[in-house]
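Reading through the structure tokens given below for one structure.
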Amino acid sequence: MSIWEYANPKKFMQTSAWALPWVTGLAAITLVAGLVWGFFFTPEAANFGTTVKIIYIHVPSAMMAINIWVMMLVTSLIWLIRRHHVSALAAKAAAPVGLVMTLIALFTGAIWGQPMWGTWWEWDPRLTSFLILGLFYLGYIALWQAIDNPDTAADLTGVLCLVGSVFALLSRYAVNFWNQGLHQGASLSVDKQENVSDVYWYPLLLCITGFILLFIMLVLTRTRTEVRLRRLKALEARERLA
Amino acid sequence: MIALLARDLRLAVRAGGGFGLSLAFFLIVTVLVPFGVGPEGGTLARIAPGILWVGALLACLLSLDRIYALDFEDGSLDLLATAPIPMEAVVSVKALAHWLTTGLPLVLAAPVFGVLLHLPGPAFVWLVLSLGVGTPALSVLGAFGAALTVGLKRGGLLLSLLVLPLYMPTLIFGAELIARGASGGATTTPLLMLAGITAATVALVPFAAAAAIRVNLR
């Protein structure tokens, strides 16, 4: 039993068809539980008032936006090295989800920033690098859509993903140099040194888990759609030959 | 490789449209900005580094799609792919030719445009230095973007969407270098970062570009 078995589309479709309802259910439960807990059963923070509750959407979506790009990087590498089609399709399926996560993080941040910082937008390093990440997602998606041949598209977007990763990271630190930050530092860490208090921490953990599950569910669904689209094209090609 | 370089340069100069056009575009951008923000010397001097760099980026972007497009259409790119020199070398030479025909004229003409924007005196050295160090990275990254979109019919807009985010770090350090030079700040860090980005892109990006071209020629 190895992960490479799922490179076989048939195997992938079987397993994902089995797993999808479970992931969906779990995602729904954790998200509802985490958000309800976070929104209605946590105290208001001393300095922030009710606005603190936006953290339950903002932090998970921002984390996912970054991690989805990393996931695309890994799946692109697998495609470029081992030529597994499911891997390339998973990268394609993940990109729009990542873009939406980036937008959610930016918008919730703006909504929070307006009462707290007195501005919707500030050219702060974190905000700016997120905007740049969003641009990279846009370019990636646009390149997928522009190329007809699926293998060519997978190859080129894979290369773009590799180069883009380097430059997204570079931009992240370049903007640090360029402007001083307004955004607070990390409020989560595994080694509890600089952590939010437990009251917020547990519902937040639940929300993050919910977002991860939501992402897995979306990517599985979208990858299944892509695999089916690919099969449909193959069938049409066969019809035309026959 | 030298023959290829000479051929690309000759084509750029003689075919018309490419050579000098980006320079004229750079001029137009520089002239338009004062109309947009008003003619006050103080404002212009403060935004001049950014405007000059953004103008250079756009002027560079304008001529990117012709790096391979004509060669792809008439089949020369296929011949180059089967030639004894590796694709990476072809890409590097083409990027070099692009830099010689767009980047270098921009670097040389930039001080004149600096005068138009009231750039303060001490900044001129840094302007030439920062454009000179930074623009090779623009050409190489542009060659990568053009390699990705070479097979597409209307790749122009897509090309800018792909390439401009890659230009971000170069722009940040390049403009910062001039701004610091103008105000007499410490210039070593941005200069070294800019040089580092250029060196790394010139060394590594041709491999990615060559891979993209091979895919497109398949």
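If you're wondering about the labels, chains in the structure tokens are A, B, ... by order shown, residues count from 1 in each chain, ligands from 1 in order shown.
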Define the interface residues of chain A facing chain B as those within 9 Å, counting only C-alpha atoms, and report them as JSON, numbers by chain.
{"A": [132, 133, 135, 136, 138, 139, 140, 142, 143, 146, 147, 151, 152, 155, 156, 157, 159, 160, 162, 163, 164, 167, 168, 170, 171, 172, 173, 174, 175, 177, 178]}
Produce a file of the selected residues containing N, CA and C atoms, as a PDB file, in the first residue's frame.
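Saved as part01.pdb:
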```
ATOM      1  N   ILE A 132       0.211  39.752  -3.596  1.00  0.00           N
ATOM      2  CA  ILE A 132       1.096  39.194  -4.619  1.00  0.00           C
ATOM      3  C   ILE A 132       0.805  37.705  -4.801  1.00  0.00           C
ATOM      4  N   LEU A 133       0.571  37.005  -3.684  1.00  0.00           N
ATOM      5  CA  LEU A 133       0.215  35.592  -3.771  1.00  0.00           C
ATOM      6  C   LEU A 133      -1.052  35.428  -4.603  1.00  0.00           C
ATOM      7  N   LEU A 135      -2.019  37.354  -6.985  1.00  0.00           N
ATOM      8  CA  LEU A 135      -1.658  37.562  -8.393  1.00  0.00           C
ATOM      9  C   LEU A 135      -1.045  36.298  -8.981  1.00  0.00           C
ATOM     10  N   PHE A 136      -0.218  35.616  -8.174  1.00  0.00           N
ATOM     11  CA  PHE A 136       0.381  34.382  -8.675  1.00  0.00           C
ATOM     12  C   PHE A 136      -0.683  33.327  -8.955  1.00  0.00           C
ATOM     13  N   LEU A 138      -3.744  33.961  -9.779  1.00  0.00           N
ATOM     14  CA  LEU A 138      -4.436  34.407 -10.988  1.00  0.00           C
ATOM     15  C   LEU A 138      -3.675  33.990 -12.242  1.00  0.00           C
ATOM     16  N   GLY A 139      -2.361  34.273 -12.246  1.00  0.00           N
ATOM     17  CA  GLY A 139      -1.556  33.922 -13.407  1.00  0.00           C
ATOM     18  C   GLY A 139      -1.570  32.432 -13.671  1.00  0.00           C
ATOM     19  N   TYR A 140      -1.474  31.660 -12.587  1.00  0.00           N
ATOM     20  CA  TYR A 140      -1.457  30.199 -12.701  1.00  0.00           C
ATOM     21  C   TYR A 140      -2.750  29.701 -13.335  1.00  0.00           C
ATOM     22  N   ALA A 142      -4.922  31.429 -15.076  1.00  0.00           N
ATOM     23  CA  ALA A 142      -5.056  31.936 -16.441  1.00  0.00           C
ATOM     24  C   ALA A 142      -4.243  31.094 -17.418  1.00  0.00           C
ATOM     25  N   LEU A 143      -3.052  30.661 -16.999  1.00  0.00           N
ATOM     26  CA  LEU A 143      -2.225  29.848 -17.889  1.00  0.00           C
ATOM     27  C   LEU A 143      -2.885  28.496 -18.150  1.00  0.00           C
ATOM     28  N   ALA A 146      -5.543  29.002 -20.708  1.00  0.00           N
ATOM     29  CA  ALA A 146      -5.167  29.499 -22.029  1.00  0.00           C
ATOM     30  C   ALA A 146      -4.705  28.381 -22.956  1.00  0.00           C
ATOM     31  N   ILE A 147      -4.227  27.264 -22.401  1.00  0.00           N
ATOM     32  CA  ILE A 147      -3.602  26.237 -23.224  1.00  0.00           C
ATOM     33  C   ILE A 147      -4.571  25.074 -23.436  1.00  0.00           C
ATOM     34  N   ASP A 151      -1.658  18.106 -21.525  1.00  0.00           N
ATOM     35  CA  ASP A 151      -0.318  17.772 -21.046  1.00  0.00           C
ATOM     36  C   ASP A 151       0.615  18.969 -21.100  1.00  0.00           C
ATOM     37  N   THR A 152       0.523  19.731 -22.197  1.00  0.00           N
ATOM     38  CA  THR A 152       1.325  20.955 -22.293  1.00  0.00           C
ATOM     39  C   THR A 152       0.965  21.901 -21.164  1.00  0.00           C
ATOM     40  N   ASP A 155       2.402  20.749 -17.911  1.00  0.00           N
ATOM     41  CA  ASP A 155       3.853  20.974 -17.840  1.00  0.00           C
ATOM     42  C   ASP A 155       4.169  22.439 -17.575  1.00  0.00           C
ATOM     43  N   LEU A 156       3.559  23.308 -18.373  1.00  0.00           N
ATOM     44  CA  LEU A 156       3.902  24.730 -18.266  1.00  0.00           C
ATOM     45  C   LEU A 156       3.466  25.317 -16.933  1.00  0.00           C
ATOM     46  N   THR A 157       2.241  24.951 -16.483  1.00  0.00           N
ATOM     47  CA  THR A 157       1.821  25.472 -15.188  1.00  0.00           C
ATOM     48  C   THR A 157       2.690  24.906 -14.076  1.00  0.00           C
ATOM     49  N   VAL A 159       5.922  24.232 -14.299  1.00  0.00           N
ATOM     50  CA  VAL A 159       7.145  25.040 -14.283  1.00  0.00           C
ATOM     51  C   VAL A 159       6.858  26.405 -13.674  1.00  0.00           C
ATOM     52  N   LEU A 160       5.716  26.995 -14.073  1.00  0.00           N
ATOM     53  CA  LEU A 160       5.359  28.308 -13.523  1.00  0.00           C
ATOM     54  C   LEU A 160       5.208  28.239 -12.008  1.00  0.00           C
ATOM     55  N   LEU A 162       6.753  26.235  -9.946  1.00  0.00           N
ATOM     56  CA  LEU A 162       8.085  26.168  -9.328  1.00  0.00           C
ATOM     57  C   LEU A 162       8.717  27.550  -9.261  1.00  0.00           C
ATOM     58  N   VAL A 163       8.768  28.226 -10.424  1.00  0.00           N
ATOM     59  CA  VAL A 163       9.397  29.550 -10.448  1.00  0.00           C
ATOM     60  C   VAL A 163       8.610  30.516  -9.574  1.00  0.00           C
ATOM     61  N   GLY A 164       7.267  30.431  -9.667  1.00  0.00           N
ATOM     62  CA  GLY A 164       6.423  31.326  -8.889  1.00  0.00           C
ATOM     63  C   GLY A 164       6.635  31.148  -7.400  1.00  0.00           C
ATOM     64  N   PHE A 167       9.614  33.078  -6.344  1.00  0.00           N
ATOM     65  CA  PHE A 167       9.433  34.524  -6.378  1.00  0.00           C
ATOM     66  C   PHE A 167       8.383  34.993  -5.375  1.00  0.00           C
ATOM     67  N   ALA A 168       7.383  34.153  -5.094  1.00  0.00           N
ATOM     68  CA  ALA A 168       6.417  34.524  -4.063  1.00  0.00           C
ATOM     69  C   ALA A 168       7.134  34.646  -2.721  1.00  0.00           C
ATOM     70  N   LEU A 170      10.342  35.180  -2.311  1.00  0.00           N
ATOM     71  CA  LEU A 170      11.267  36.322  -2.405  1.00  0.00           C
ATOM     72  C   LEU A 170      10.505  37.628  -2.173  1.00  0.00           C
ATOM     73  N   SER A 171       9.317  37.748  -2.793  1.00  0.00           N
ATOM     74  CA  SER A 171       8.519  38.954  -2.612  1.00  0.00           C
ATOM     75  C   SER A 171       8.129  39.114  -1.152  1.00  0.00           C
ATOM     76  N   ARG A 172       7.821  38.005  -0.513  1.00  0.00           N
ATOM     77  CA  ARG A 172       7.424  38.032   0.890  1.00  0.00           C
ATOM     78  C   ARG A 172       8.481  38.752   1.730  1.00  0.00           C
ATOM     79  N   TYR A 173       9.768  38.447   1.471  1.00  0.00           N
ATOM     80  CA  TYR A 173      10.814  39.064   2.277  1.00  0.00           C
ATOM     81  C   TYR A 173      11.248  40.401   1.710  1.00  0.00           C
ATOM     82  N   ALA A 174      11.054  40.598   0.401  1.00  0.00           N
ATOM     83  CA  ALA A 174      11.395  41.895  -0.192  1.00  0.00           C
ATOM     84  C   ALA A 174      10.479  42.979   0.359  1.00  0.00           C
ATOM     85  N   VAL A 175       9.179  42.682   0.510  1.00  0.00           N
ATOM     86  CA  VAL A 175       8.272  43.716   1.005  1.00  0.00           C
ATOM     87  C   VAL A 175       8.541  43.997   2.481  1.00  0.00           C
ATOM     88  N   PHE A 177      11.393  44.355   3.672  1.00  0.00           N
ATOM     89  CA  PHE A 177      12.456  45.339   3.602  1.00  0.00           C
ATOM     90  C   PHE A 177      11.900  46.695   3.184  1.00  0.00           C
ATOM     91  N   TRP A 178      10.836  46.644   2.389  1.00  0.00           N
ATOM     92  CA  TRP A 178      10.314  47.822   1.722  1.00  0.00           C
ATOM     93  C   TRP A 178       9.474  48.685   2.649  1.00  0.00           C
TER      94      TRP A 178
END
```
Stretch 118-197 of chain B residues near stretch 27-49 of chain B within 6 Å, closest pair each, using only C-alpha atoms, as a tab-separated table:
```
residue	atom	partner	partner_atom	distance
B:His118	CA	B:Ala45	CA	5.1
B:Leu119	CA	B:Ala45	CA	4.8
B:Ala175	CA	B:Pro49	CA	5.2
B:Ile178	CA	B:Pro49	CA	5.8
```
Store the residues picked out above, limited to C-alpha atoms, as a short mmCIF file (atom, residue, chain, number, x, y, z; two decimals), in the first residue's frame.
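Once everything was written out, this is selection.cif:
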```cif
data_model
loop_
_atom_site.label_atom_id
_atom_site.label_comp_id
_atom_site.auth_asym_id
_atom_site.auth_seq_id
_atom_site.Cartn_x
_atom_site.Cartn_y
_atom_site.Cartn_z
CA HIS B 118 13.39 66.52 -11.26
CA LEU B 119 15.38 63.64 -9.86
CA ALA B 175 13.35 51.72 -6.72
CA ILE B 178 17.44 55.05 -6.15
#
```
Which residues come within 10 Å of stretch 27-40 of chain A, counting only C-alpha atoms, excluding same-chain residues fewer than 2 positions away, as an NGL selection string?
:A and (21-25 or 42-44 or 50 or 52-57 or 199-217)
Might you pull out every residue within 12 Å of A:Ala62, with only C-alpha atoms counted and same-chain residues fewer than 2 positions away left off, and present them as JSON, numbers by chain?
{"A": [55, 56, 57, 58, 59, 60, 64, 65, 66, 67, 68, 69, 97, 98, 99, 100, 101, 102, 103, 104, 105, 106, 107, 108, 109, 126, 127, 129, 130, 131, 133, 134, 186, 208, 211, 212]}
Please produce a file of those selected residues containing C-alpha atoms, as a PDB file, in the first residue's frame.
```
ATOM      1  CA  ILE A  55     -10.199  35.582  13.525  1.00  0.00           C
ATOM      2  CA  TYR A  56     -12.141  32.326  13.086  1.00  0.00           C
ATOM      3  CA  ILE A  57     -12.376  32.917   9.371  1.00  0.00           C
ATOM      4  CA  HIS A  58      -9.355  35.096   8.744  1.00  0.00           C
ATOM      5  CA  VAL A  59      -6.629  32.931  10.248  1.00  0.00           C
ATOM      6  CA  PRO A  60      -7.751  29.579   8.769  1.00  0.00           C
ATOM      7  CA  MET A  64      -4.954  27.599   3.754  1.00  0.00           C
ATOM      8  CA  ALA A  65      -4.042  30.170   1.091  1.00  0.00           C
ATOM      9  CA  ILE A  66      -0.355  29.589   1.770  1.00  0.00           C
ATOM     10  CA  ASN A  67      -0.610  25.853   2.294  1.00  0.00           C
ATOM     11  CA  ILE A  68      -2.634  25.300  -0.867  1.00  0.00           C
ATOM     12  CA  TRP A  69       0.187  26.875  -2.872  1.00  0.00           C
ATOM     13  CA  VAL A  97      -9.725  27.242  -4.059  1.00  0.00           C
ATOM     14  CA  GLY A  98      -6.437  28.861  -3.084  1.00  0.00           C
ATOM     15  CA  LEU A  99      -7.359  32.068  -4.869  1.00  0.00           C
ATOM     16  CA  VAL A 100     -10.695  32.214  -3.041  1.00  0.00           C
ATOM     17  CA  MET A 101      -8.955  31.563   0.289  1.00  0.00           C
ATOM     18  CA  THR A 102      -6.544  34.426  -0.452  1.00  0.00           C
ATOM     19  CA  LEU A 103      -9.457  36.729  -1.249  1.00  0.00           C
ATOM     20  CA  ILE A 104     -11.331  35.680   1.905  1.00  0.00           C
ATOM     21  CA  ALA A 105      -8.240  36.403   3.989  1.00  0.00           C
ATOM     22  CA  LEU A 106      -7.786  39.798   2.352  1.00  0.00           C
ATOM     23  CA  PHE A 107     -11.438  40.793   2.684  1.00  0.00           C
ATOM     24  CA  THR A 108     -11.884  39.642   6.272  1.00  0.00           C
ATOM     25  CA  GLY A 109      -8.629  41.425   7.055  1.00  0.00           C
ATOM     26  CA  ARG A 126       1.828  40.719   5.126  1.00  0.00           C
ATOM     27  CA  LEU A 127      -1.041  42.337   3.285  1.00  0.00           C
ATOM     28  CA  SER A 129       2.632  39.691   0.010  1.00  0.00           C
ATOM     29  CA  PHE A 130      -0.848  38.208   0.187  1.00  0.00           C
ATOM     30  CA  LEU A 131      -1.949  40.381  -2.664  1.00  0.00           C
ATOM     31  CA  LEU A 133       0.215  35.592  -3.771  1.00  0.00           C
ATOM     32  CA  GLY A 134      -3.243  36.284  -5.167  1.00  0.00           C
ATOM     33  CA  ALA A 186       1.858  35.346  14.697  1.00  0.00           C
ATOM     34  CA  ILE A 208      -8.627  25.452  11.092  1.00  0.00           C
ATOM     35  CA  PHE A 211     -11.054  24.646   6.708  1.00  0.00           C
ATOM     36  CA  ILE A 212      -8.518  21.901   6.012  1.00  0.00           C
TER      37      ILE A 212
END
```
Once DSSP has gone over the backbone, tell me which residues of stretch 29-130 of chain B are in alpha helix (DSSP H), as a ChimeraX atom specification.
/B:29-37,41-62,69-74,76-82,87-98,104-116,123-130
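You can rank B:Gly181, B:Gly156, B:Gly142, B:Gly174 by their closest distance to B:Val91 using only C-alpha atoms, and at the top of that list sits B:Gly142.
For the atom pair formed by atom CA of B:Ala3 and atom CA of B:Ser139, the distance is 19.7 Å, given to one decimal.
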So that I can see what lies close to B:Val125, please list as a compact mmCIF listing (two decimals) with N, CA and C atoms, in the first residue's frame the residues with an atom at most 10 Å from it, counting only C-alpha atoms and leaving out residues fewer than 4 positions away in the same chain.
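Writing the result to result29.txt gives the following:
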```
# COMPACT_ATOMS: atom_id res chain seq x y z
N PRO B 111 18.97 58.76 -17.41
CA PRO B 111 19.31 60.05 -16.81
C PRO B 111 18.55 61.21 -17.44
N GLY B 121 20.17 65.52 -7.79
CA GLY B 121 21.49 65.29 -8.34
C GLY B 121 22.19 64.00 -7.95
N LEU B 129 22.98 52.93 -12.10
CA LEU B 129 23.48 51.69 -11.50
C LEU B 129 22.33 50.71 -11.26
N SER B 130 21.23 51.21 -10.69
CA SER B 130 20.15 50.29 -10.32
C SER B 130 19.48 49.73 -11.56
N ILE B 178 17.39 53.66 -5.67
CA ILE B 178 17.44 55.05 -6.15
C ILE B 178 16.94 55.99 -5.06
N GLY B 181 19.54 56.42 -2.58
CA GLY B 181 20.64 57.20 -3.14
C GLY B 181 20.29 58.68 -3.18
N ALA B 182 19.00 58.97 -3.50
CA ALA B 182 18.57 60.36 -3.59
C ALA B 182 18.60 61.04 -2.22
```
Pick from A:Val166, A:Leu89, A:Ala110, A:Ala7, whichever lies nearest to A:Leu229 using only C-alpha atoms:
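Smallest separation from A:Leu229 among the options: A:Leu89.
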Quick check, in Å to one decimal: how far apart do atom CA of B:Ala137 and atom CA of B:Thr198 lie?
4.6 Å
